[in-house]
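Source file: target-v8.cif; contents: mmCIF, C-alpha atoms.
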data_data
#
loop_
_atom_site.label_atom_id
_atom_site.label_comp_id
_atom_site.auth_asym_id
_atom_site.auth_seq_id
_atom_site.Cartn_x
_atom_site.Cartn_y
_atom_site.Cartn_z
CA MET F 1 36.44 -1.30 -15.31
CA LYS F 2 33.01 -2.53 -14.11
CA ASN F 3 30.36 0.15 -13.60
CA SER F 4 30.15 0.93 -9.87
CA ILE F 5 26.64 2.46 -10.14
CA LYS F 6 24.06 -0.24 -9.56
CA ASN F 7 20.69 1.01 -10.78
CA ILE F 8 17.58 -0.71 -9.43
CA LEU F 9 14.18 0.04 -10.96
CA VAL F 10 11.46 0.43 -8.28
CA ALA F 11 7.95 0.39 -9.77
CA PRO F 12 4.79 0.49 -7.62
CA LEU F 13 1.25 0.10 -8.95
CA ASN F 14 -0.76 3.32 -9.06
CA TRP F 15 -3.79 2.33 -7.00
CA GLY F 16 -4.37 4.75 -4.16
CA LEU F 17 -1.17 5.74 -2.33
CA GLY F 18 -0.38 2.48 -0.52
CA HIS F 19 1.81 0.69 -3.07
CA ALA F 20 3.97 3.80 -3.50
CA THR F 21 4.29 4.63 0.21
CA ARG F 22 5.31 1.10 1.20
CA CYS F 23 8.12 1.32 -1.40
CA ILE F 24 9.56 4.34 0.45
CA PRO F 25 11.45 2.26 3.08
CA ILE F 26 12.78 -0.01 0.30
CA ILE F 27 14.08 2.98 -1.70
CA ARG F 28 15.72 4.44 1.43
CA GLU F 29 17.45 1.12 2.18
CA LEU F 30 18.63 0.66 -1.42
CA GLU F 31 20.37 4.04 -1.16
CA LYS F 32 21.90 3.15 2.23
CA ASN F 33 23.26 -0.06 0.73
CA GLY F 34 24.98 1.62 -2.21
CA PHE F 35 22.36 1.12 -4.94
CA THR F 36 20.81 3.85 -7.08
CA PRO F 37 17.03 3.51 -7.24
CA ILE F 38 15.23 4.63 -10.39
CA LEU F 39 11.53 5.33 -9.78
CA ALA F 40 8.83 4.28 -12.24
CA SER F 41 5.03 4.47 -12.09
CA ASP F 42 2.17 6.72 -13.22
CA GLY F 43 -0.30 9.20 -11.71
CA VAL F 44 -0.32 9.93 -7.96
CA ALA F 45 1.95 6.96 -7.16
CA LEU F 46 4.73 8.54 -9.23
CA GLN F 47 3.99 12.01 -7.80
CA ILE F 48 4.31 10.84 -4.20
CA LEU F 49 7.71 9.22 -4.91
CA GLN F 50 8.89 12.34 -6.75
CA LYS F 51 7.94 14.48 -3.72
CA GLU F 52 9.73 12.07 -1.37
CA PHE F 53 12.87 11.58 -3.53
CA PRO F 54 13.30 14.68 -5.73
CA HIS F 55 16.98 13.81 -6.31
CA LEU F 56 16.22 10.46 -7.99
CA LEU F 57 15.47 9.83 -11.66
CA SER F 58 11.81 9.05 -12.26
CA LEU F 59 10.24 7.47 -15.35
CA SER F 60 6.65 7.08 -16.57
CA LEU F 61 4.92 3.75 -17.10
CA PRO F 62 1.54 3.24 -18.80
CA SER F 63 -1.55 3.46 -16.58
CA TYR F 64 -3.49 0.28 -15.78
CA GLU F 65 -6.55 2.55 -16.01
CA ILE F 66 -8.09 1.03 -12.91
CA GLU F 67 -11.42 2.77 -12.55
CA TYR F 68 -13.35 2.47 -9.35
CA ALA F 69 -17.07 1.80 -9.44
CA LYS F 70 -19.43 4.36 -7.89
CA ASN F 71 -21.27 1.42 -6.36
CA GLY F 72 -19.05 -1.03 -4.43
CA SER F 73 -21.02 -4.06 -5.63
CA ASP F 74 -20.10 -3.19 -9.26
CA PHE F 75 -16.37 -3.06 -8.52
CA LYS F 76 -15.49 -6.56 -9.76
CA TRP F 77 -17.42 -6.12 -13.03
CA LYS F 78 -15.79 -2.77 -13.66
CA LEU F 79 -12.38 -4.46 -13.28
CA ILE F 80 -13.37 -7.27 -15.67
CA LYS F 81 -14.67 -4.73 -18.20
CA ASN F 82 -11.41 -2.81 -17.86
CA SER F 83 -9.15 -5.90 -18.16
CA PRO F 84 -8.28 -5.41 -21.89
CA ASN F 85 -6.76 -1.99 -21.05
CA MET F 86 -4.89 -3.53 -18.12
CA ILE F 87 -3.52 -6.41 -20.24
CA ASP F 88 -2.46 -3.88 -22.89
CA ALA F 89 -0.60 -1.83 -20.22
CA ILE F 90 1.14 -4.97 -18.88
CA PHE F 91 2.44 -5.91 -22.36
CA THR F 92 3.51 -2.31 -23.02
CA GLU F 93 5.39 -1.96 -19.73
CA LYS F 94 7.17 -5.27 -20.41
CA LYS F 95 8.51 -3.85 -23.71
CA ILE F 96 9.46 -0.54 -22.07
CA VAL F 97 11.36 -2.33 -19.26
CA LYS F 98 13.30 -4.41 -21.81
CA LYS F 99 14.45 -1.17 -23.45
CA TRP F 100 15.29 0.47 -20.08
CA ILE F 101 17.62 -2.39 -19.06
CA THR F 102 20.25 -1.29 -21.56
CA GLU F 103 19.31 2.41 -21.60
CA TYR F 104 19.68 2.79 -17.81
CA ASN F 105 22.04 -0.12 -17.13
CA LEU F 106 19.62 -1.80 -14.71
CA TYR F 107 20.98 -4.36 -12.24
CA GLY F 108 17.62 -5.39 -10.90
CA ILE F 109 13.90 -4.66 -10.65
CA ILE F 110 11.52 -4.34 -7.69
CA SER F 111 7.89 -4.30 -8.82
CA ASP F 112 5.08 -3.70 -6.33
CA ASN F 113 2.12 -5.35 -8.05
CA ARG F 114 3.04 -4.21 -11.58
CA LEU F 115 2.69 -7.48 -13.44
CA GLY F 116 4.72 -6.58 -16.55
CA VAL F 117 7.70 -4.98 -14.80
CA TYR F 118 10.20 -7.86 -14.92
CA ASN F 119 12.79 -9.33 -17.25
CA LYS F 120 14.27 -12.80 -17.30
CA ASN F 121 17.78 -11.40 -17.91
CA ILE F 122 18.07 -9.52 -14.60
CA PRO F 123 16.91 -10.28 -11.02
CA SER F 124 13.26 -9.24 -10.77
CA VAL F 125 11.38 -9.06 -7.47
CA PHE F 126 7.60 -8.92 -7.10
CA ILE F 127 6.14 -7.44 -3.89
CA THR F 128 2.64 -8.43 -2.85
CA HIS F 129 0.65 -9.25 0.27
CA GLN F 130 -2.00 -10.97 -1.89
CA LEU F 131 -0.95 -14.45 -2.91
CA ASN F 132 -4.67 -15.17 -2.85
CA VAL F 133 -6.68 -12.47 -4.62
CA LEU F 134 -10.14 -12.43 -3.07
CA SER F 135 -12.93 -11.76 -5.59
CA GLY F 136 -15.96 -13.58 -4.19
CA LYS F 137 -17.01 -16.57 -6.29
CA THR F 138 -14.12 -15.98 -8.70
CA THR F 139 -11.39 -16.08 -5.97
CA TRP F 140 -9.98 -19.37 -7.28
CA ILE F 141 -9.38 -18.06 -10.79
CA SER F 142 -8.15 -14.56 -9.73
CA SER F 143 -5.67 -16.18 -7.31
CA LYS F 144 -4.36 -18.69 -9.90
CA LEU F 145 -3.95 -15.90 -12.46
CA HIS F 146 -2.01 -13.75 -9.99
CA GLN F 147 0.24 -16.68 -9.01
CA HIS F 148 0.87 -17.37 -12.72
CA PHE F 149 2.33 -13.84 -13.06
CA ILE F 150 4.30 -14.09 -9.78
CA LYS F 151 6.09 -17.22 -11.11
CA LYS F 152 7.68 -15.11 -13.86
CA PHE F 153 9.68 -13.17 -11.25
CA THR F 154 12.97 -14.30 -9.65
CA GLU F 155 11.55 -13.85 -6.12
CA CYS F 156 8.35 -12.74 -4.44
CA TRP F 157 8.67 -10.67 -1.27
CA VAL F 158 5.66 -10.81 1.06
CA PRO F 159 5.58 -7.90 3.55
CA ASP F 160 4.33 -10.00 6.46
CA ILE F 161 5.42 -12.74 8.84
CA GLU F 162 5.21 -16.38 7.75
CA ARG F 163 4.15 -17.78 11.12
CA MET F 164 1.23 -16.84 13.37
CA PRO F 165 0.39 -14.20 14.49
CA ASN F 166 0.52 -12.35 11.18
CA LEU F 167 -1.33 -9.49 9.51
CA THR F 168 -2.56 -10.94 6.20
CA GLY F 169 -4.09 -14.33 7.15
CA LYS F 170 -5.15 -16.27 4.04
CA LEU F 171 -4.34 -13.34 1.74
CA GLY F 172 -0.59 -13.75 2.18
CA HIS F 173 -0.30 -17.44 3.06
CA LEU F 174 -0.79 -20.48 0.83
CA LYS F 175 -1.25 -24.08 1.95
CA LYS F 176 0.83 -25.32 -1.00
CA ASN F 177 2.86 -23.35 -3.48
CA LYS F 178 5.68 -23.53 -6.01
CA LEU F 179 6.55 -19.85 -5.71
CA ASN F 180 9.93 -18.53 -4.56
CA LEU F 181 8.55 -16.67 -1.52
CA THR F 182 10.42 -14.62 1.08
CA TYR F 183 8.46 -13.23 4.04
CA ILE F 184 10.34 -10.00 4.70
CA GLY F 185 8.23 -8.70 7.61
CA PRO F 186 5.77 -5.76 7.60
CA LEU F 187 6.95 -2.67 5.69
CA SER F 188 6.38 0.81 7.05
CA ARG F 189 7.97 4.16 6.33
CA LEU F 190 7.07 5.27 9.89
CA GLU F 191 8.77 4.95 13.30
CA LYS F 192 7.15 4.79 16.72
CA LYS F 193 7.99 7.84 18.83
CA THR F 194 6.93 8.85 22.33
CA LEU F 195 5.24 12.18 21.73
CA PRO F 196 2.57 13.94 23.82
CA ILE F 197 -0.95 13.24 22.49
CA GLN F 198 -2.31 16.29 20.64
CA TYR F 199 -5.33 14.74 18.90
CA ASP F 200 -8.15 12.54 20.13
CA LEU F 201 -8.68 11.29 16.57
CA MET F 202 -6.69 11.11 13.35
CA VAL F 203 -8.60 10.58 10.12
CA ILE F 204 -6.45 9.44 7.19
CA LEU F 205 -8.01 8.74 3.80
CA SER F 206 -6.56 6.91 0.83
CA GLY F 207 -7.56 4.72 -2.08
CA PRO F 208 -8.97 5.33 -5.54
CA GLU F 209 -11.73 7.72 -6.52
CA PRO F 210 -14.66 8.16 -6.36
CA GLN F 211 -14.81 6.18 -3.08
CA ARG F 212 -12.18 8.35 -1.34
CA THR F 213 -14.36 11.45 -1.94
CA TYR F 214 -17.54 9.66 -0.82
CA LEU F 215 -15.91 8.76 2.48
CA GLU F 216 -14.44 12.26 2.96
CA GLU F 217 -17.90 13.82 2.53
CA LYS F 218 -19.50 11.35 4.93
CA ILE F 219 -16.89 11.77 7.69
CA LYS F 220 -16.93 15.59 7.36
CA LYS F 221 -20.65 15.55 8.22
CA GLU F 222 -20.24 13.03 11.04
CA ILE F 223 -17.19 14.71 12.61
CA LYS F 224 -19.20 17.82 13.54
CA THR F 225 -20.61 16.01 16.58
CA PHE F 226 -17.25 14.52 17.70
CA GLU F 227 -16.02 15.83 21.02
CA GLY F 228 -12.26 16.25 20.93
CA LYS F 229 -9.44 17.46 18.67
CA VAL F 230 -9.22 15.93 15.19
CA ILE F 231 -6.49 15.93 12.53
CA PHE F 232 -7.93 15.03 9.12
CA ILE F 233 -5.60 14.06 6.23
CA LYS F 234 -7.60 13.83 3.01
CA GLY F 235 -4.98 11.97 0.95
CA VAL F 236 -5.29 14.35 -2.02
CA LEU F 237 -1.89 14.98 -3.60
CA GLU F 238 -1.56 18.55 -4.89
CA SER F 239 1.38 20.82 -5.72
CA GLU F 240 1.00 22.77 -2.47
CA GLN F 241 0.03 21.67 1.01
CA LYS F 242 -3.21 23.25 2.25
CA ILE F 243 -4.22 23.47 5.92
CA ASN F 244 -7.72 24.55 7.04
CA GLN F 245 -9.16 24.82 10.52
CA ASP F 246 -12.88 24.17 11.00
CA GLY F 247 -13.89 24.16 14.67
CA ASN F 248 -12.13 21.24 16.38
CA VAL F 249 -10.85 19.76 13.07
CA THR F 250 -7.56 20.59 11.31
CA TYR F 251 -7.70 19.55 7.62
CA TYR F 252 -4.67 18.78 5.46
CA ASN F 253 -4.91 17.88 1.76
CA PHE F 254 -1.76 15.71 2.14
CA MET F 255 1.29 15.31 4.36
CA THR F 256 4.92 14.31 3.83
CA SER F 257 6.15 11.08 5.46
CA ASP F 258 7.73 13.01 8.38
CA GLN F 259 4.50 14.92 9.05
CA ILE F 260 2.37 11.76 8.88
CA GLU F 261 4.73 10.00 11.29
CA THR F 262 4.34 12.87 13.80
CA ALA F 263 0.54 13.00 13.35
CA TYR F 264 0.18 9.25 13.98
CA ASN F 265 2.37 9.39 17.07
CA GLU F 266 0.45 12.40 18.43
CA SER F 267 -2.99 10.79 17.97
CA SER F 268 -4.73 8.43 20.36
CA MET F 269 -6.93 6.73 17.73
CA VAL F 270 -7.05 6.43 13.92
CA LEU F 271 -10.06 6.25 11.59
CA CYS F 272 -9.05 4.89 8.18
CA ARG F 273 -9.50 2.38 5.36
CA SER F 274 -8.34 -1.19 6.00
CA GLY F 275 -5.83 -1.04 3.14
CA TYR F 276 -2.80 -3.19 3.88
CA THR F 277 -0.23 -0.37 3.85
CA THR F 278 -2.25 1.52 6.48
CA VAL F 279 -2.56 -1.73 8.48
CA MET F 280 1.26 -2.15 8.46
CA ASP F 281 1.72 1.46 9.65
CA LEU F 282 -0.77 0.96 12.49
CA ALA F 283 0.93 -2.28 13.54
CA LYS F 284 4.38 -0.63 13.53
CA LEU F 285 3.06 2.17 15.76
CA GLY F 286 0.83 -0.05 17.93
CA LYS F 287 -2.19 2.21 17.40
CA LYS F 288 -5.89 1.70 18.12
CA ALA F 289 -7.93 1.97 14.95
CA PHE F 290 -11.42 1.95 13.50
CA PHE F 291 -11.69 0.67 9.93
CA ILE F 292 -14.06 1.52 7.08
CA PRO F 293 -13.19 -0.86 4.21
CA THR F 294 -13.52 0.41 0.64
CA PRO F 295 -16.90 -0.88 -0.65
CA GLY F 296 -16.54 -3.87 -2.97
CA GLN F 297 -12.82 -4.36 -2.20
CA PHE F 298 -12.85 -7.95 -0.94
CA GLU F 299 -9.31 -7.77 0.47
CA GLN F 300 -10.09 -4.77 2.71
CA GLU F 301 -13.37 -6.31 3.83
CA TYR F 302 -11.58 -9.57 4.71
CA LEU F 303 -8.87 -7.76 6.74
CA ALA F 304 -11.42 -5.61 8.63
CA LYS F 305 -13.52 -8.67 9.54
CA ARG F 306 -10.42 -10.62 10.58
CA PHE F 307 -9.18 -7.85 12.90
CA LYS F 308 -12.61 -7.53 14.50
CA ARG F 309 -12.89 -11.31 15.00
CA ASN F 310 -9.44 -11.39 16.62
CA GLY F 311 -10.35 -8.53 18.99
CA LEU F 312 -7.86 -6.10 17.45
CA ALA F 313 -10.03 -3.37 15.87
CA PRO F 314 -13.70 -2.73 15.03
CA TYR F 315 -15.05 -1.73 11.63
CA ALA F 316 -18.20 -0.45 9.93
CA LYS F 317 -19.48 -0.50 6.35
CA GLN F 318 -19.17 2.92 4.70
CA ASP F 319 -22.94 3.46 4.38
CA ASN F 320 -23.58 2.46 8.01
CA PHE F 321 -20.78 4.37 9.76
CA GLU F 322 -21.73 6.86 12.48
CA ILE F 323 -19.30 8.86 14.61
CA ALA F 324 -20.73 7.25 17.78
CA ASP F 325 -19.28 3.91 16.54
CA LEU F 326 -15.78 5.14 17.43
CA LYS F 327 -16.33 4.50 21.14
CA ASP F 328 -16.09 0.76 20.33
CA ALA F 329 -12.39 1.12 19.47
CA LYS F 330 -11.52 1.43 23.17
CA LEU F 331 -12.80 -2.12 23.73
CA TYR F 332 -10.28 -3.60 21.25
CA GLN F 333 -6.57 -4.28 21.75
CA GLY F 334 -5.27 -2.35 18.74
CA LEU F 335 -2.99 -3.87 16.12
CA PRO F 336 -0.08 -5.99 17.38
CA GLN F 337 3.48 -4.73 17.00
CA LEU F 338 5.05 -7.61 15.11
CA GLU F 339 8.76 -7.39 15.64
CA GLN F 340 10.54 -8.84 12.64
CA LYS F 341 13.73 -7.07 11.67
CA ILE F 342 14.08 -6.78 7.90
CA HIS F 343 17.50 -8.06 6.79
CA TRP F 344 18.02 -5.68 3.89
CA LYS F 345 21.61 -6.68 3.12
CA GLN F 346 20.52 -10.29 2.76
CA LEU F 347 17.58 -9.37 0.51
CA PHE F 348 19.75 -7.15 -1.73
CA ILE F 349 22.38 -9.88 -2.33
CA LEU F 350 20.14 -10.80 -5.28
CA PHE F 351 21.25 -7.59 -7.06
CA GLU F 352 24.98 -7.90 -6.35
CA GLY F 353 25.76 -9.87 -9.53
CA GLU F 354 29.24 -11.28 -10.01
#
Written as structure tokens, that's how I'd like the structure from this file.
Amino acid sequence: MKNSIKNILVAPLNWGLGHATRCIPIIRELEKNGFTPILASDGVALQILQKEFPHLLSLSLPSYEIEYAKNGSDFKWKLIKNSPNMIDAIFTEKKIVKKWITEYNLYGIISDNRLGVYNKNIPSVFITHQLNVLSGKTTWISSKLHQHFIKKFTECWVPDIERMPNLTGKLGHLKKNKLNLTYIGPLSRLEKKTLPIQYDLMVILSGPEPQRTYLEEKIKKEIKTFEGKVIFIKGVLESEQKINQDGNVTYYNFMTSDQIETAYNESSMVLCRSGYTTVMDLAKLGKKAFFIPTPGQFEQEYLAKRFKRNGLAPYAKQDNFEIADLKDAKLYQGLPQLEQKIHWKQLFILFEGE
């Protein structure tokens, strides 16, 4: 008798919280459609999935050891310097995955930006919104290298819309390509709800250290002169949730998906990084936002500039941001709600086998 349990490995990259949180709706839908997700990552990405899905098996993968530069302008060189460790991790995870296929009877793989998590013997999906990897003068080579890895997968799912208007612009759209691309529509774990507004401003931080801490310290100083109620989610994953009240600001170290969904829906404006997962959440909820891109992260800088140019949301560089800048957000439309229903059953046919 054929095994009725269809295990699918879901493996997000550990870089901030975004790759892990955008896998949450995929994991939920796999379960709804009769598959058994097995979670795999490292660091905070694995921790957030374990908190969200304590009933699922979770496995450890080697760290890419992505270190973030203290100075944004050094970010690219830090990545280049770190590339031998990253390449080593990619080769190691490839060997581990090969072993897991028989050990855990895997029917398929969904990798969010983990370049070595695939195998030619089972359907392997790569999720990315960056078909072009922006890196300044080296964009051509970083994009070609990324596309070279994507070709090794059975399919590449892009969490955006193929036509205009879309959220990623040139990041997620190529003029010519030989990749097996499927535009699945924006991914968000959140739902829009009509709730009474409780907060004038929601601050939500994410991304790798030390830049997350730098921004937290800066906003904490600036927020003292803000008139109105503020909810401030630091994006620091710890064993217990901590809540502190300081004047008009309520601080949380982290929130569960349900709590974040409520906080977003109860806030009139959001101050955040322009990371793509946050962008997809804002678009799903139709929220007004003010962006502070992570220094040196070309992709976030590109998205922030694009949204400003299109009249959707303003932004400021981290060093230049002042709380008075937030008044500009009222002059912008906010992110568009792009309605594209994700056809999960159709996407998961890939894992049905014979």
- [ ] Could you tell me which residues the PyMOL selection byres ((chain F and resi 178-187) around 6) returns for this structure, as a PyMOL selection string?
- [x] chain F and resi 155-162+177+188+280+340+342
If we count only C-alpha atoms and set the cut-off at 12 Å, which residues sit around Ile90 of chain F, ignoring sequence neighbours fewer than 6 positions away in its own chain? Please answer as a PDB file with C-alpha atoms, keeping the file's coordinate frame.
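selection_28.pdb was written with the following content:
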ATOM      1  CA  LEU F  13       1.250   0.100  -8.950  1.00  0.00           C
ATOM      2  CA  LEU F  61       4.920   3.750 -17.100  1.00  0.00           C
ATOM      3  CA  PRO F  62       1.540   3.240 -18.800  1.00  0.00           C
ATOM      4  CA  SER F  63      -1.550   3.460 -16.580  1.00  0.00           C
ATOM      5  CA  TYR F  64      -3.490   0.280 -15.780  1.00  0.00           C
ATOM      6  CA  GLU F  65      -6.550   2.550 -16.010  1.00  0.00           C
ATOM      7  CA  SER F  83      -9.150  -5.900 -18.160  1.00  0.00           C
ATOM      8  CA  PRO F  84      -8.280  -5.410 -21.890  1.00  0.00           C
ATOM      9  CA  ILE F  96       9.460  -0.540 -22.070  1.00  0.00           C
ATOM     10  CA  VAL F  97      11.360  -2.330 -19.260  1.00  0.00           C
ATOM     11  CA  ASN F 113       2.120  -5.350  -8.050  1.00  0.00           C
ATOM     12  CA  ARG F 114       3.040  -4.210 -11.580  1.00  0.00           C
ATOM     13  CA  LEU F 115       2.690  -7.480 -13.440  1.00  0.00           C
ATOM     14  CA  GLY F 116       4.720  -6.580 -16.550  1.00  0.00           C
ATOM     15  CA  VAL F 117       7.700  -4.980 -14.800  1.00  0.00           C
ATOM     16  CA  TYR F 118      10.200  -7.860 -14.920  1.00  0.00           C
ATOM     17  CA  PHE F 149       2.330 -13.840 -13.060  1.00  0.00           C
TER      18      PHE F 149
END
Written as an mmCIF file with C-alpha atoms, in the frame of the given file, what is the full residue list that the PyMOL selection byres ((chain F and resi 300) around 12) yields on the file shown?
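And here is the file that came out, out_12.cif:
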data_model
loop_
_atom_site.group_PDB
_atom_site.id
_atom_site.type_symbol
_atom_site.label_atom_id
_atom_site.label_comp_id
_atom_site.auth_asym_id
_atom_site.auth_seq_id
_atom_site.Cartn_x
_atom_site.Cartn_y
_atom_site.Cartn_z
ATOM 1 C CA HIS F 129 0.650 -9.250 0.270
ATOM 2 C CA GLN F 130 -2.000 -10.970 -1.890
ATOM 3 C CA VAL F 133 -6.680 -12.470 -4.620
ATOM 4 C CA LEU F 134 -10.140 -12.430 -3.070
ATOM 5 C CA SER F 135 -12.930 -11.760 -5.590
ATOM 6 C CA THR F 168 -2.560 -10.940 6.200
ATOM 7 C CA LEU F 171 -4.340 -13.340 1.740
ATOM 8 C CA GLY F 207 -7.560 4.720 -2.080
ATOM 9 C CA CYS F 272 -9.050 4.890 8.180
ATOM 10 C CA ARG F 273 -9.500 2.380 5.360
ATOM 11 C CA SER F 274 -8.340 -1.190 6.000
ATOM 12 C CA GLY F 275 -5.830 -1.040 3.140
ATOM 13 C CA TYR F 276 -2.800 -3.190 3.880
ATOM 14 C CA THR F 277 -0.230 -0.370 3.850
ATOM 15 C CA THR F 278 -2.250 1.520 6.480
ATOM 16 C CA VAL F 279 -2.560 -1.730 8.480
ATOM 17 C CA PHE F 291 -11.690 0.670 9.930
ATOM 18 C CA ILE F 292 -14.060 1.520 7.080
ATOM 19 C CA PRO F 293 -13.190 -0.860 4.210
ATOM 20 C CA THR F 294 -13.520 0.410 0.640
ATOM 21 C CA PRO F 295 -16.900 -0.880 -0.650
ATOM 22 C CA GLY F 296 -16.540 -3.870 -2.970
ATOM 23 C CA GLN F 297 -12.820 -4.360 -2.200
ATOM 24 C CA PHE F 298 -12.850 -7.950 -0.940
ATOM 25 C CA GLU F 299 -9.310 -7.770 0.470
ATOM 26 C CA GLU F 301 -13.370 -6.310 3.830
ATOM 27 C CA TYR F 302 -11.580 -9.570 4.710
ATOM 28 C CA LEU F 303 -8.870 -7.760 6.740
ATOM 29 C CA ALA F 304 -11.420 -5.610 8.630
ATOM 30 C CA LYS F 305 -13.520 -8.670 9.540
ATOM 31 C CA ARG F 306 -10.420 -10.620 10.580
ATOM 32 C CA PHE F 307 -9.180 -7.850 12.900
ATOM 33 C CA TYR F 315 -15.050 -1.730 11.630
ATOM 34 C CA ALA F 316 -18.200 -0.450 9.930
ATOM 35 C CA LYS F 317 -19.480 -0.500 6.350
#
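Distance check against Thr154 of chain F using only C-alpha atoms: of F:His173, F:Arg212, F:Lys218, F:Lys120, the minimum falls on F:Lys120.
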When you look at Glu352 of chain F with a cut-off of 12 Å (counting only C-alpha atoms), what residues show up, excluding the ones that are within fewer than 6 positions of it in the same chain? I need them as a short mmCIF file (atom, residue, chain, number, x, y, z; two decimals) with C-alpha atoms, in the coordinates of the input.
data_model
loop_
_atom_site.label_atom_id
_atom_site.label_comp_id
_atom_site.auth_asym_id
_atom_site.auth_seq_id
_atom_site.Cartn_x
_atom_site.Cartn_y
_atom_site.Cartn_z
CA SER F 4 30.15 0.93 -9.87
CA ILE F 5 26.64 2.46 -10.14
CA LYS F 6 24.06 -0.24 -9.56
CA ASN F 7 20.69 1.01 -10.78
CA ILE F 8 17.58 -0.71 -9.43
CA LEU F 30 18.63 0.66 -1.42
CA ASN F 33 23.26 -0.06 0.73
CA GLY F 34 24.98 1.62 -2.21
CA PHE F 35 22.36 1.12 -4.94
CA LEU F 106 19.62 -1.80 -14.71
CA TYR F 107 20.98 -4.36 -12.24
CA GLY F 108 17.62 -5.39 -10.90
CA ILE F 122 18.07 -9.52 -14.60
CA PRO F 123 16.91 -10.28 -11.02
CA LYS F 345 21.61 -6.68 3.12
CA GLN F 346 20.52 -10.29 2.76
#
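Nearest to Ala324 of chain F of all the residues F:Gln337, F:Ser257, F:Thr225, F:Thr102 is F:Thr225, based on only C-alpha atoms.
Compared by their closest atoms to Thr250 of chain F, and using only C-alpha atoms, the residues F:Pro165, F:His19, F:Val203, F:Glu238 rank with F:Val203 nearest.
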For the structure provided, state which residues fall under the PyMOL selection byres ((chain F and resi 38) around 6), and present them as a tab-separated table (two decimals) with C-alpha atoms, keeping the file's coordinate frame.
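Final file, result_20.tsv:
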chain	number	residue	atom	x	y	z
F	8	ILE	CA	17.58	-0.71	-9.43
F	9	LEU	CA	14.18	0.04	-10.96
F	37	PRO	CA	17.03	3.51	-7.24
F	39	LEU	CA	11.53	5.33	-9.78
F	57	LEU	CA	15.47	9.83	-11.66
F	58	SER	CA	11.81	9.05	-12.26
Open item on the list: If we count only C-alpha atoms and set the cut-off at 8 Å, which residues sit around Leu49 of chain F, ignoring sequence neighbours fewer than 3 positions away in its own chain? Please answer as a list of chain:residue names.
Closed with: F:Ala20, F:Thr21, F:Ile24, F:Leu39, F:Ala45, F:Leu46, F:Glu52, F:Phe53, F:Pro54
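Coordinates place atom CA of Lys341 of chain F at a distance of 23.7 Å from atom CA of Ala289 of chain F.
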Open item on the list: Quick check, in Å to one decimal: how far apart do atom CA of Gly334 of chain F and atom CA of Thr194 of chain F lie?
Closed with: 16.9 Å
Task: Counting only C-alpha atoms, the residue of F:Gly286, F:Pro208, F:Gly247, F:Gly172 that sits nearest Phe226 of chain F - done: F:Gly247
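The closest residue to Asn166 of chain F, picked from F:Ala283, F:Glu261, F:Gln333, F:Leu326 and counting all atoms listed in the file, is F:Ala283.
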Open item on the list: One number please: atom CA of Leu312 of chain F to atom CA of Lys229 of chain F, in Å, one decimal.
Closed with: 23.6 Å
Task: Selection near Gln198 of chain F, 12 Å with all atoms listed in the file, sequence-local residues under 6 positions removed, as JSON, numbers by chain - done: {"F": [228, 229, 230, 231, 248, 249, 250, 262, 263, 264, 265, 266, 267, 268, 269]}
Open item on the list: Nearest residue to Lys242 of chain F out of F:Phe254, F:Met164, F:Lys224, F:Val270, using only C-alpha atoms?
Closed with: F:Phe254
